[in-house]
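Have a look at the structure below, then the notes.
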Amino acid sequence: MKKRSFLNAVLLVFTIFLLSATPGTKFKRISITKGISVKLPQDFMQMSDNDIAQKYPSTKKPLAMYTRMDRMVDFGLNVTKANWAGNNLNVLKEIYKTTLYTLYKEVSISKDEVKIINKNNFVILEFTSLADETRKYTYIQYGVFNNRIYIFNFTCPAQLKDKLQPVAEQIMHSIKVRPRRLERIEYNPAGEKGRKGKNPKEVLEEQRRRQSIKTTQK
């Protein structure tokens with residue numbers, strides 16, 4: 001009897017543990033735009049134009065922005081205006097790494113690599129930084145498609161990094177891009193002739209010259 005009672009007690013404790021355990025994040029695949037889809041947590045929703053304007057004021061509106069219901073965690077997609085000539089993603093990675101130190105304070109990079117995800121090459125940068133007096137965790141994935149740079153961005157407060165890093169990674173690894181299905185993005189509505197994309201090395205040298213000038217002026 002004592003043995004049976006003990007086994008019943010163990011079973012009861014185990015059942016309570018299973019019922020009280022925090023369930024894993026549930027994802028759903030959505031289409032961001034024609035030719036691009038991603039799996040996002042089910043509690044993410046698309047940001048309104050007003051939310052985007054207040055939280056991410058810029059002359060260029062993101063192609064898409066999503067946020068968690070508490071507005072603390074965001075995921076978005078931007079596309080560069082300028083064309084990108086060439087396919088050397090290692091050069092692209094170095095350019096954006098350099099840019100991080102000019103845009104933010106106290107940058108700490110934990111990952112920088114070029115990786116194939118769902119048959120496409122991406123640059124991955126993962127870091128924490130100080131922006132607007134707030135420390136943030138950011139996971140960015142860059143891809144070049146049809147001579148444009150597509151920038152996928154996941155960001156949240158740095159104190160949530162340990163909990164949400166696996167979520168960010170799962171989101172980024174779920175991204176599927178079909179270049180042939182991408183819509184043509186036009187930034188010259190007035191019919192102006194588009195500029196030829198710069199060679200990656202030219203961009204890097206130009207960025208280094210600008211950084212050198214800033215350093216000299218200090």
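By convention here, the chains of the structure tokens are called A, B, ... in the order presented, each chain's residues are numbered starting at 1, and ligands are numbered starting at 1 in the order presented.
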
Item to complete: Can you pull out every residue within 9 Å of Met172 (chain A), counting only C-alpha atoms, but drop anything in the same chain fewer than 4 positions away, and send it as a ChimeraX atom specification?
Response: /A:38-39,117,139-141,152-154,167-168

Go ahead and dump the residues you just picked, N, CA and C atoms, as a PDB file, in the first residue's frame.
ATOM      1  N   VAL A  38       7.881  33.893 -43.938  1.00  0.00           N
ATOM      2  CA  VAL A  38       8.624  33.668 -42.705  1.00  0.00           C
ATOM      3  C   VAL A  38       7.680  33.096 -41.655  1.00  0.00           C
ATOM      4  N   LYS A  39       8.242  32.368 -40.706  1.00  0.00           N
ATOM      5  CA  LYS A  39       7.463  31.882 -39.568  1.00  0.00           C
ATOM      6  C   LYS A  39       7.650  32.839 -38.401  1.00  0.00           C
ATOM      7  N   ILE A 117      20.800  29.676 -46.006  1.00  0.00           N
ATOM      8  CA  ILE A 117      19.545  29.374 -45.327  1.00  0.00           C
ATOM      9  C   ILE A 117      18.455  29.193 -46.380  1.00  0.00           C
ATOM     10  N   TYR A 139      19.219  40.966 -33.970  1.00  0.00           N
ATOM     11  CA  TYR A 139      19.625  39.870 -34.851  1.00  0.00           C
ATOM     12  C   TYR A 139      19.234  40.309 -36.266  1.00  0.00           C
ATOM     13  N   ILE A 140      20.239  40.537 -37.115  1.00  0.00           N
ATOM     14  CA  ILE A 140      19.978  41.022 -38.473  1.00  0.00           C
ATOM     15  C   ILE A 140      20.479  40.009 -39.504  1.00  0.00           C
ATOM     16  N   GLN A 141      19.687  39.853 -40.547  1.00  0.00           N
ATOM     17  CA  GLN A 141      20.040  38.947 -41.633  1.00  0.00           C
ATOM     18  C   GLN A 141      19.913  39.709 -42.959  1.00  0.00           C
ATOM     19  N   PHE A 152      16.493  41.785 -42.909  1.00  0.00           N
ATOM     20  CA  PHE A 152      15.536  41.245 -41.938  1.00  0.00           C
ATOM     21  C   PHE A 152      16.067  41.544 -40.538  1.00  0.00           C
ATOM     22  N   ASN A 153      15.222  42.121 -39.685  1.00  0.00           N
ATOM     23  CA  ASN A 153      15.696  42.642 -38.407  1.00  0.00           C
ATOM     24  C   ASN A 153      14.799  42.197 -37.259  1.00  0.00           C
ATOM     25  N   PHE A 154      15.416  41.603 -36.240  1.00  0.00           N
ATOM     26  CA  PHE A 154      14.715  41.225 -35.012  1.00  0.00           C
ATOM     27  C   PHE A 154      15.345  42.007 -33.874  1.00  0.00           C
ATOM     28  N   VAL A 167      14.295  32.175 -30.283  1.00  0.00           N
ATOM     29  CA  VAL A 167      13.130  32.572 -31.079  1.00  0.00           C
ATOM     30  C   VAL A 167      13.589  33.354 -32.305  1.00  0.00           C
ATOM     31  N   ALA A 168      14.511  34.300 -32.092  1.00  0.00           N
ATOM     32  CA  ALA A 168      15.035  35.097 -33.204  1.00  0.00           C
ATOM     33  C   ALA A 168      15.703  34.203 -34.242  1.00  0.00           C
TER      34      ALA A 168
END

Fill in: Cys156 (chain A) environment, 10 Å, only C-alpha atoms, sequence neighbours closer than 6 positions dropped, as an NGL selection string
:A and (67-68 or 71-75 or 128 or 135-139 or 164-165 or 168)

Would you save the residues of that selection, restricted to C-alpha atoms, as a tab-separated table (two decimals), in the first residue's frame?
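Below is the file that was written, again-v3.tsv:
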chain	number	residue	atom	x	y	z
A	67	THR	CA	5.50	43.47	-33.25
A	68	ARG	CA	4.58	41.37	-30.24
A	71	ARG	CA	5.19	46.12	-28.28
A	72	MET	CA	8.55	45.10	-26.78
A	73	VAL	CA	9.73	42.76	-29.55
A	74	ASP	CA	9.81	43.68	-33.25
A	75	PHE	CA	10.58	41.99	-36.55
A	128	THR	CA	23.81	44.15	-28.35
A	135	ARG	CA	20.42	48.57	-24.37
A	136	LYS	CA	19.00	46.39	-27.13
A	137	TYR	CA	19.57	42.95	-28.58
A	138	THR	CA	19.48	42.74	-32.38
A	139	TYR	CA	19.62	39.87	-34.85
A	164	LEU	CA	14.39	35.29	-27.10
A	165	GLN	CA	17.65	34.48	-28.90
A	168	ALA	CA	15.04	35.10	-33.20

Could I get the residues of region 76-146 of chain A with an atom no further than 12 Å from an atom of region 43-57 of chain A, each paired with its nearest atom pair and that distance in Å to one decimal, using only C-alpha atoms, sorted by chain and residue number, as a tab-separated table?
residue	atom	partner	partner_atom	distance
A:Gly76	CA	A:Gln46	CA	9.5
A:Leu77	CA	A:Gln46	CA	11.8
A:Asn78	CA	A:Tyr56	CA	11.6
A:Asp132	CA	A:Lys55	CA	11.7

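Put simply, CA of Val107 (chain A) is 6.8 Å away from CA of Phe127 (chain A).
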
Item to complete: Excluding Pro179 (chain A) and any residue of its chain fewer than 2 positions from it, enumerate the residues within 9 Å of it, using only C-alpha atoms, and give them as a ChimeraX atom specification.
Response: /A:35-36,145-146,177,181-183

Could those residues be written to a file, using C-alpha atoms, as a PDB file, in the first residue's frame?
ATOM      1  CA  GLY A  35       8.198  35.958 -52.974  1.00  0.00           C
ATOM      2  CA  ILE A  36       9.065  36.178 -49.242  1.00  0.00           C
ATOM      3  CA  PHE A 145      18.315  39.621 -54.414  1.00  0.00           C
ATOM      4  CA  ASN A 146      17.897  41.232 -57.831  1.00  0.00           C
ATOM      5  CA  VAL A 177      12.977  34.027 -50.543  1.00  0.00           C
ATOM      6  CA  ARG A 181       8.857  36.025 -57.661  1.00  0.00           C
ATOM      7  CA  LEU A 182       9.937  39.233 -55.947  1.00  0.00           C
ATOM      8  CA  GLU A 183       8.092  42.338 -56.983  1.00  0.00           C
TER       9      GLU A 183
END

Item to complete: Please report, as number ranges by chain, each residue of region 37-209 of chain A to which DSSP assigns helix (DSSP H, G or I) when run on this structure's backbone.
Response: A: 49-55, 89-103, 158-173, 179-181, 200-209

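Between CA of Asn118 (chain A) and CA of Ser37 (chain A) lies a distance of 11.3 Å.
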
Fill in: Interatomic distance, CA of Asp162 (chain A) to CA of Lys111 (chain A) (Å, one decimal)
14.4 Å

Worksheet item: Do you know which residues are at most 10 Å from Leu63 (chain A) counting only C-alpha atoms, after dropping those on the same chain fewer than 2 positions away, and could you put them as a count of residues only?
Response: 12

Worksheet item: Hey, what does DSSP flag as strand (DSSP E or B) within region 59-100 of chain A? Can you give it to me as a VMD selection string?
Response: chain A and resid 64 to 68 74 to 79 84

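Comparing A:Ile149, A:Ile109, A:Gln170, A:Arg184 by their smallest distance to Leu40 (chain A), the closest is A:Gln170 (using only C-alpha atoms).
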
Response to the item:
For Ala82 (chain A), the closest of A:Asn147, A:Ser174, A:Thr25, A:Thr102 counting only C-alpha atoms is A:Asn147
